[in-house]
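A.B. asks: You'll find my_file-v9.cif just under this line, and it carries mmCIF, C-alpha atoms.
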```cif
data_my_file
#
loop_
_atom_site.label_atom_id
_atom_site.label_comp_id
_atom_site.auth_asym_id
_atom_site.auth_seq_id
_atom_site.Cartn_x
_atom_site.Cartn_y
_atom_site.Cartn_z
CA MET O 1 -13.81 -3.21 4.15
CA THR O 2 -11.06 -3.18 1.59
CA SER O 3 -10.72 -0.05 -0.45
CA PRO O 4 -8.61 0.00 -3.59
CA ALA O 5 -9.03 3.79 -3.66
CA LEU O 6 -7.75 4.16 -0.11
CA ASP O 7 -4.80 1.89 -0.87
CA ALA O 8 -3.74 4.13 -3.75
CA ALA O 9 -4.40 7.33 -1.82
CA LEU O 10 -2.34 6.12 1.14
CA SER O 11 0.51 4.91 -1.09
CA TYR O 12 0.58 8.33 -2.72
CA HIS O 13 0.37 10.04 0.67
CA ARG O 14 3.14 7.97 2.27
CA ALA O 15 5.42 8.61 -0.68
CA TRP O 16 5.11 12.40 -0.81
CA THR O 17 5.15 12.86 2.95
CA GLY O 18 8.21 10.60 2.95
CA LYS O 19 9.86 13.03 0.54
CA ASP O 20 9.77 10.51 -2.31
CA PHE O 21 7.78 12.63 -4.73
CA GLU O 22 8.71 10.61 -7.82
CA THR O 23 7.21 7.47 -6.28
CA ALA O 24 4.16 9.53 -5.31
CA MET O 25 3.74 10.57 -8.94
CA THR O 26 3.48 6.90 -9.99
CA TYR O 27 0.03 6.91 -8.33
CA VAL O 28 -1.08 9.97 -10.29
CA ALA O 29 -2.84 9.49 -13.63
CA ASP O 30 -1.46 11.37 -16.63
CA ASP O 31 -4.83 13.05 -17.09
CA ILE O 32 -5.46 13.88 -13.42
CA VAL O 33 -7.84 16.76 -12.75
CA CYS O 34 -6.94 18.52 -9.51
CA HIS O 35 -9.17 21.10 -7.84
CA ALA O 36 -6.78 23.12 -5.67
CA PRO O 37 -7.43 26.32 -3.70
CA SER O 38 -5.72 28.27 -6.50
CA GLY O 39 -7.89 26.70 -9.19
CA ARG O 40 -8.14 23.74 -11.49
CA LEU O 41 -5.01 21.91 -12.63
CA ASP O 42 -5.19 19.63 -15.68
CA GLY O 43 -2.72 16.80 -16.15
CA ALA O 44 0.20 15.30 -14.28
CA GLU O 45 2.70 18.01 -15.22
CA ALA O 46 0.50 20.80 -13.88
CA PHE O 47 -0.06 18.71 -10.77
CA ARG O 48 3.69 18.16 -10.40
CA GLY O 49 4.25 21.91 -10.59
CA PHE O 50 1.79 22.40 -7.73
CA MET O 51 2.72 19.57 -5.34
CA GLY O 52 6.43 19.25 -6.09
CA PRO O 53 7.42 22.60 -4.57
CA PHE O 54 5.24 21.90 -1.53
CA THR O 55 7.06 18.64 -0.79
CA ARG O 56 10.36 20.56 -0.84
CA ILE O 57 9.26 22.84 2.03
CA LEU O 58 7.75 19.92 3.99
CA THR O 59 9.44 19.17 7.32
CA GLY O 60 6.89 16.78 8.87
CA SER O 61 3.41 15.33 8.59
CA THR O 62 0.77 13.48 10.59
CA LEU O 63 -2.08 11.51 9.03
CA LEU O 64 -5.19 12.44 11.03
CA ALA O 65 -7.80 10.28 9.30
CA ALA O 66 -8.24 8.21 6.15
CA PHE O 67 -11.35 6.54 4.77
CA GLY O 68 -12.24 5.07 1.44
CA ASP O 69 -14.49 2.88 -0.64
CA GLU O 70 -14.22 1.22 -4.04
CA THR O 71 -13.50 4.39 -6.02
CA THR O 72 -12.97 7.29 -3.64
CA ALA O 73 -10.84 8.08 -0.61
CA LEU O 74 -10.82 10.98 1.82
CA LEU O 75 -7.79 11.93 3.92
CA MET O 76 -7.03 14.63 6.42
CA TYR O 77 -3.50 15.31 7.58
CA ASP O 78 -1.42 17.94 9.26
CA THR O 79 1.85 19.11 7.80
CA ALA O 80 4.76 21.10 9.12
CA THR O 81 6.53 23.25 6.55
CA LEU O 82 9.41 25.69 6.55
CA PRO O 83 7.18 28.81 6.34
CA VAL O 84 4.13 27.51 8.28
CA ALA O 85 4.39 25.38 11.44
CA SER O 86 0.99 23.69 11.07
CA ALA O 87 -0.72 23.50 7.71
CA PRO O 88 -3.49 20.88 7.76
CA GLY O 89 -5.00 19.68 4.51
CA ALA O 90 -7.70 17.36 3.22
CA GLU O 91 -7.84 15.42 -0.02
CA LEU O 92 -10.74 13.73 -1.73
CA VAL O 93 -9.48 11.48 -4.49
CA THR O 94 -11.07 9.36 -7.18
CA VAL O 95 -9.03 6.34 -8.18
CA ARG O 96 -9.20 4.31 -11.37
CA GLU O 97 -6.97 1.27 -11.99
CA GLY O 98 -4.71 2.22 -9.09
CA LYS O 99 -4.15 5.79 -10.20
CA ILE O 100 -5.58 9.05 -8.89
CA VAL O 101 -7.67 10.54 -11.70
CA GLU O 102 -9.26 13.34 -9.72
CA MET O 103 -8.30 15.15 -6.55
CA ARG O 104 -9.90 17.93 -4.59
CA ILE O 105 -7.45 19.37 -2.09
CA VAL O 106 -8.42 21.82 0.63
CA PHE O 107 -5.99 23.80 2.75
CA ASP O 108 -5.65 27.30 4.10
CA ARG O 109 -3.51 29.53 1.90
CA ALA O 110 -3.69 32.46 4.34
CA PRO O 111 -0.65 31.55 6.50
CA PHE O 112 1.43 30.87 3.37
CA ASP O 113 0.38 34.26 1.97
CA ALA O 114 1.29 35.90 5.29
CA ALA O 115 4.69 34.18 5.40
CA ARG O 116 5.40 35.27 1.83
CA GLU O 117 4.45 38.89 2.61
CA ALA O 118 6.56 38.85 5.78
CA ALA O 119 9.54 37.51 3.81
CA ALA O 120 9.06 40.12 1.09
CA GLY O 121 8.88 42.89 3.66
CA SER O 122 11.94 41.83 5.65
CA MET A 123 -20.97 -0.41 8.38
CA THR A 124 -23.00 1.73 10.73
CA SER A 125 -21.22 4.72 12.15
CA PRO A 126 -22.72 6.59 15.10
CA ALA A 127 -20.11 9.29 14.54
CA LEU A 128 -21.11 9.74 10.90
CA ASP A 129 -24.79 9.87 11.88
CA ALA A 130 -24.11 12.76 14.25
CA ALA A 131 -21.76 14.53 11.83
CA LEU A 132 -24.31 14.31 9.01
CA SER A 133 -27.17 15.46 11.24
CA TYR A 134 -25.07 18.46 12.25
CA HIS A 135 -24.07 19.08 8.63
CA ARG A 136 -27.63 18.85 7.25
CA ALA A 137 -28.88 21.25 9.91
CA TRP A 138 -26.34 24.02 9.41
CA THR A 139 -26.31 23.77 5.62
CA GLY A 140 -30.12 23.85 5.82
CA LYS A 141 -29.81 27.16 7.68
CA ASP A 142 -31.10 25.64 10.93
CA PHE A 143 -28.09 26.51 13.04
CA GLU A 144 -29.87 26.03 16.38
CA THR A 145 -30.65 22.42 15.49
CA ALA A 146 -27.04 22.01 14.36
CA MET A 147 -25.86 23.20 17.77
CA THR A 148 -27.80 20.37 19.47
CA TYR A 149 -25.16 18.01 18.03
CA VAL A 150 -22.31 20.07 19.49
CA ALA A 151 -21.01 19.21 22.98
CA ASP A 152 -20.81 22.04 25.51
CA ASP A 153 -17.08 21.39 25.87
CA ILE A 154 -16.29 21.01 22.16
CA VAL A 155 -12.70 21.71 21.14
CA CYS A 156 -12.55 23.05 17.59
CA HIS A 157 -9.33 23.44 15.64
CA ALA A 158 -10.11 26.07 13.01
CA PRO A 159 -7.79 27.85 10.56
CA SER A 160 -7.81 30.88 12.87
CA GLY A 161 -6.85 28.80 15.91
CA ARG A 162 -8.33 26.74 18.70
CA LEU A 163 -11.85 27.40 19.96
CA ASP A 164 -12.91 26.04 23.36
CA GLY A 165 -16.55 25.42 24.15
CA ALA A 166 -19.90 25.67 22.42
CA GLU A 167 -20.21 29.45 22.74
CA ALA A 168 -16.84 30.08 21.05
CA PHE A 169 -17.85 27.56 18.39
CA ARG A 170 -21.19 29.32 17.90
CA GLY A 171 -19.33 32.62 17.42
CA PHE A 172 -17.27 31.01 14.67
CA MET A 173 -19.85 28.96 12.76
CA GLY A 174 -22.94 31.09 13.32
CA PRO A 175 -21.80 34.04 11.19
CA PHE A 176 -20.67 31.63 8.45
CA THR A 177 -24.11 30.07 8.18
CA ARG A 178 -25.58 33.55 7.71
CA ILE A 179 -23.50 34.16 4.55
CA LEU A 180 -24.19 30.65 3.20
CA THR A 181 -26.19 30.51 -0.02
CA GLY A 182 -25.68 26.84 -1.00
CA SER A 183 -23.77 23.65 -0.27
CA THR A 184 -22.91 20.27 -1.74
CA LEU A 185 -21.73 17.30 0.29
CA LEU A 186 -18.81 15.80 -1.64
CA ALA A 187 -17.91 12.85 0.58
CA ALA A 188 -18.63 11.52 4.06
CA PHE A 189 -17.08 8.59 5.90
CA GLY A 190 -17.06 7.48 9.50
CA ASP A 191 -16.43 4.77 12.04
CA GLU A 192 -17.47 4.24 15.65
CA THR A 193 -16.04 7.49 17.01
CA THR A 194 -14.85 9.66 14.13
CA ALA A 195 -16.24 11.04 10.88
CA LEU A 196 -14.66 12.88 7.99
CA LEU A 197 -16.62 15.08 5.58
CA MET A 198 -15.74 17.21 2.61
CA TYR A 199 -18.21 19.66 1.13
CA ASP A 200 -18.37 22.67 -1.08
CA THR A 201 -20.19 25.81 -0.05
CA ALA A 202 -21.39 28.89 -1.87
CA THR A 203 -21.34 32.07 0.20
CA LEU A 204 -22.18 35.71 -0.41
CA PRO A 205 -18.51 36.83 -0.60
CA VAL A 206 -16.98 33.64 -2.11
CA ALA A 207 -18.64 31.59 -4.86
CA SER A 208 -16.94 28.28 -4.02
CA ALA A 209 -15.50 27.69 -0.57
CA PRO A 210 -14.88 23.98 0.01
CA GLY A 211 -14.20 22.70 3.49
CA ALA A 212 -13.39 19.50 5.32
CA GLU A 213 -14.25 18.46 8.84
CA LEU A 214 -12.87 15.69 11.00
CA VAL A 215 -15.06 15.18 14.03
CA THR A 216 -14.91 13.03 17.13
CA VAL A 217 -18.30 12.07 18.52
CA ARG A 218 -19.20 10.94 22.02
CA GLU A 219 -22.76 10.03 23.04
CA GLY A 220 -24.16 11.62 19.89
CA LYS A 221 -22.39 14.95 20.34
CA ILE A 222 -19.38 16.39 18.55
CA VAL A 223 -16.65 16.79 21.19
CA GLU A 224 -13.81 17.67 18.84
CA MET A 225 -13.67 19.11 15.33
CA ARG A 226 -10.85 19.97 13.01
CA ILE A 227 -12.06 22.13 10.18
CA VAL A 228 -9.98 22.98 7.13
CA PHE A 229 -10.85 25.61 4.57
CA ASP A 230 -9.08 28.31 2.62
CA ARG A 231 -9.31 31.71 4.28
CA ALA A 232 -7.55 33.45 1.38
CA PRO A 233 -10.63 34.21 -0.77
CA PHE A 234 -12.52 35.49 2.30
CA ASP A 235 -9.56 37.74 3.17
CA ALA A 236 -9.48 38.98 -0.43
CA ALA A 237 -13.23 39.68 -0.45
CA ARG A 238 -12.94 41.58 2.85
CA GLU A 239 -10.05 43.67 1.52
CA ALA A 240 -11.93 44.37 -1.72
CA ALA A 241 -14.99 45.47 0.26
CA ALA A 242 -12.87 47.69 2.54
CA GLY A 243 -11.17 49.25 -0.46
CA SER A 244 -14.33 49.93 -2.42
#
```
Before anything else, please render the file you have as structure tokens.

C.D. replies:
Amino acid sequence: MTSPALDAALSYHRAWTGKDFETAMTYVADDIVCHAPSGRLDGAEAFRGFMGPFTRILTGSTLLAAFGDETTALLMYDTATLPVASAPGAELVTVREGKIVEMRIVFDRAPFDAAREAAAGS
Amino acid sequence: MTSPALDAALSYHRAWTGKDFETAMTYVADDIVCHAPSGRLDGAEAFRGFMGPFTRILTGSTLLAAFGDETTALLMYDTATLPVASAPGAELVTVREGKIVEMRIVFDRAPFDAAREAAAGS
């Protein structure tokens, strides 16, 4: 089964995990709505402010699974980051005309919070 | 495309979100390996100790997406719980002979930690 949504989601994923965040952003619609653990982000600039810093602390990633249909795709991956050795995440995206118009991203903020507190206390 | 893995994952999901945790456990292999935010859980009893208490604080759920192939399935859902109004999660499962033998579950522990701290401080 071909999946235009999965194609876009994987292109976006490969770009940001490959540290090419500007290419990744070419798959993100200007009016993207992103549901992140910290709340709702409206628009590409808000999204950039959320994901951009994350890609700068990224040291590695592994795609664990990826599925999609005509309009939606669902990915799970593991990441390695400077503060947290293993930080898996999952993304459910809706794609329209090759661009991600909606994304729900799930990951555990607890180890990032703990690393931040440890750094502040050191 | 039929997916035996998705069938098992959805049967498990419908049972535990329907508050029938014992039926859910019939889809869990005795030697399940579960990778949870808190770490690795080995075996059905450890898994029961993790998921059982969660189902008791569950007040609602919505399946957001579900995909699968012959051996794996990937789900994302939102849950409502007593301490946290919206707690989305994602599960990647490997299924063998109708039972879940491996699960990676991703969710954000931060709001649960915050609710626990608020309760302890009140």

A.B. asks: Got a sec to pull out which chain O residues are within 12 Å of chain A, counting all atoms listed in the file, and send them as a VMD selection string?

C.D. replies: chain O and resid 1 6 35 to 39 63 to 69 71 to 78 86 to 94 103 to 114

A.B. asks: Could you tell me how far CA of Ser3 in chain O sits from CA of Lys19 in chain O, in Å to one decimal place?

C.D. replies: 24.4 Å

A.B. asks: All Cα atoms, paired in order, least squares: that's the fit I need for chain A onto chain O, output as a short mmCIF file (atom, residue, chain, number, x, y, z; two decimals) with C-alpha atoms, in the frame of the given file.

C.D. replies:
```cif
data_model
loop_
_atom_site.label_atom_id
_atom_site.label_comp_id
_atom_site.auth_asym_id
_atom_site.auth_seq_id
_atom_site.Cartn_x
_atom_site.Cartn_y
_atom_site.Cartn_z
CA MET A 123 -13.83 -3.24 4.12
CA THR A 124 -11.06 -3.20 1.55
CA SER A 125 -10.76 -0.05 -0.47
CA PRO A 126 -8.61 0.00 -3.60
CA ALA A 127 -9.03 3.77 -3.67
CA LEU A 128 -7.75 4.15 -0.11
CA ASP A 129 -4.80 1.86 -0.89
CA ALA A 130 -3.74 4.11 -3.76
CA ALA A 131 -4.40 7.33 -1.82
CA LEU A 132 -2.34 6.11 1.14
CA SER A 133 0.50 4.89 -1.09
CA TYR A 134 0.58 8.32 -2.72
CA HIS A 135 0.37 10.03 0.67
CA ARG A 136 3.15 7.95 2.27
CA ALA A 137 5.43 8.60 -0.68
CA TRP A 138 5.11 12.38 -0.82
CA THR A 139 5.16 12.86 2.95
CA GLY A 140 8.23 10.59 2.96
CA LYS A 141 9.86 13.03 0.54
CA ASP A 142 9.78 10.51 -2.32
CA PHE A 143 7.78 12.64 -4.72
CA GLU A 144 8.71 10.61 -7.82
CA THR A 145 7.21 7.48 -6.27
CA ALA A 146 4.16 9.53 -5.30
CA MET A 147 3.74 10.58 -8.93
CA THR A 148 3.47 6.91 -9.99
CA TYR A 149 0.04 6.92 -8.32
CA VAL A 150 -1.08 9.98 -10.28
CA ALA A 151 -2.84 9.49 -13.64
CA ASP A 152 -1.44 11.38 -16.63
CA ASP A 153 -4.82 13.06 -17.09
CA ILE A 154 -5.46 13.88 -13.42
CA VAL A 155 -7.84 16.77 -12.75
CA CYS A 156 -6.94 18.52 -9.50
CA HIS A 157 -9.15 21.10 -7.84
CA ALA A 158 -6.79 23.13 -5.66
CA PRO A 159 -7.42 26.34 -3.70
CA SER A 160 -5.71 28.29 -6.49
CA GLY A 161 -7.91 26.72 -9.18
CA ARG A 162 -8.14 23.74 -11.48
CA LEU A 163 -5.01 21.92 -12.62
CA ASP A 164 -5.19 19.63 -15.67
CA GLY A 165 -2.71 16.82 -16.13
CA ALA A 166 0.21 15.29 -14.27
CA GLU A 167 2.71 17.99 -15.23
CA ALA A 168 0.51 20.81 -13.87
CA PHE A 169 -0.05 18.70 -10.76
CA ARG A 170 3.70 18.14 -10.39
CA GLY A 171 4.24 21.92 -10.60
CA PHE A 172 1.79 22.38 -7.73
CA MET A 173 2.72 19.56 -5.35
CA GLY A 174 6.43 19.26 -6.09
CA PRO A 175 7.43 22.61 -4.57
CA PHE A 176 5.24 21.89 -1.53
CA THR A 177 7.05 18.65 -0.79
CA ARG A 178 10.34 20.55 -0.85
CA ILE A 179 9.24 22.83 2.03
CA LEU A 180 7.76 19.91 4.01
CA THR A 181 9.46 19.16 7.31
CA GLY A 182 6.90 16.78 8.88
CA SER A 183 3.41 15.32 8.61
CA THR A 184 0.78 13.46 10.59
CA LEU A 185 -2.07 11.50 9.04
CA LEU A 186 -5.19 12.43 11.03
CA ALA A 187 -7.81 10.29 9.31
CA ALA A 188 -8.24 8.21 6.16
CA PHE A 189 -11.35 6.55 4.77
CA GLY A 190 -12.25 5.07 1.42
CA ASP A 191 -14.54 2.90 -0.64
CA GLU A 192 -14.24 1.23 -4.04
CA THR A 193 -13.50 4.39 -6.03
CA THR A 194 -12.97 7.30 -3.64
CA ALA A 195 -10.84 8.10 -0.60
CA LEU A 196 -10.82 10.99 1.83
CA LEU A 197 -7.79 11.94 3.93
CA MET A 198 -7.03 14.64 6.43
CA TYR A 199 -3.50 15.32 7.60
CA ASP A 200 -1.43 17.95 9.26
CA THR A 201 1.85 19.12 7.81
CA ALA A 202 4.77 21.11 9.13
CA THR A 203 6.52 23.26 6.54
CA LEU A 204 9.42 25.69 6.56
CA PRO A 205 7.19 28.81 6.34
CA VAL A 206 4.14 27.51 8.29
CA ALA A 207 4.38 25.39 11.45
CA SER A 208 0.99 23.69 11.09
CA ALA A 209 -0.72 23.50 7.72
CA PRO A 210 -3.48 20.88 7.76
CA GLY A 211 -5.00 19.69 4.52
CA ALA A 212 -7.68 17.37 3.23
CA GLU A 213 -7.83 15.43 0.00
CA LEU A 214 -10.73 13.73 -1.72
CA VAL A 215 -9.47 11.49 -4.49
CA THR A 216 -11.07 9.37 -7.17
CA VAL A 217 -9.03 6.34 -8.17
CA ARG A 218 -9.20 4.31 -11.37
CA GLU A 219 -6.98 1.28 -12.00
CA GLY A 220 -4.72 2.22 -9.10
CA LYS A 221 -4.15 5.80 -10.22
CA ILE A 222 -5.57 9.05 -8.89
CA VAL A 223 -7.66 10.55 -11.71
CA GLU A 224 -9.25 13.35 -9.72
CA MET A 225 -8.29 15.16 -6.53
CA ARG A 226 -9.88 17.93 -4.56
CA ILE A 227 -7.44 19.38 -2.08
CA VAL A 228 -8.41 21.82 0.65
CA PHE A 229 -5.98 23.79 2.76
CA ASP A 230 -5.64 27.30 4.10
CA ARG A 231 -3.51 29.52 1.90
CA ALA A 232 -3.69 32.44 4.34
CA PRO A 233 -0.65 31.55 6.50
CA PHE A 234 1.44 30.87 3.37
CA ASP A 235 0.39 34.26 1.96
CA ALA A 236 1.28 35.90 5.27
CA ALA A 237 4.69 34.19 5.39
CA ARG A 238 5.41 35.27 1.80
CA GLU A 239 4.45 38.87 2.58
CA ALA A 240 6.56 38.84 5.75
CA ALA A 241 9.54 37.51 3.79
CA ALA A 242 9.05 40.12 1.04
CA GLY A 243 8.82 42.88 3.62
CA SER A 244 11.86 41.85 5.61
#
```

A.B. asks: Run the PyMOL selection byres ((chain A and resi 176) around 12) on the file and write out the hits as a VMD selection string.

C.D. replies: chain A and resid 138 to 139 141 143 169 to 175 177 to 182 201 to 206 209 234

A.B. asks: If you measure from CA of Cys156 in chain A to CA of Val223 in chain A, what distance in Å do you get, rounded to one decimal?

C.D. replies: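 That distance, rounded to one decimal, is 8.3 Å.
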
A.B. asks: Using the chain letters and residue numbers of this document, give as a PyMOL selection string the residues selected by the PyMOL selection byres ((chain A and resi 219) around 12).

C.D. replies: chain A and resi 126-127+129-130+149-151+192-194+216-218+220-223

A.B. asks: Extending 3 Å beyond the listed atoms of range 28-47 of chain O on each side, what axis-aligned box results? I want centre and edge lengths in Å to one decimal, as lines of an AutoDock Vina configuration file.

C.D. replies:
```
center_x = -3.2
center_y = 18.9
center_z = -10.4
size_x = 17.9
size_y = 24.8
size_z = 19.4
```

A.B. asks: Under the rule that all atoms listed in the file are counted, which of A:Val155, A:Thr184, A:Ala207, A:Ala237 is the nearest residue to His135 in chain A?

C.D. replies: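 Among A:Val155, A:Thr184, A:Ala207, A:Ala237, it is A:Thr184 that comes nearest to His135 in chain A.
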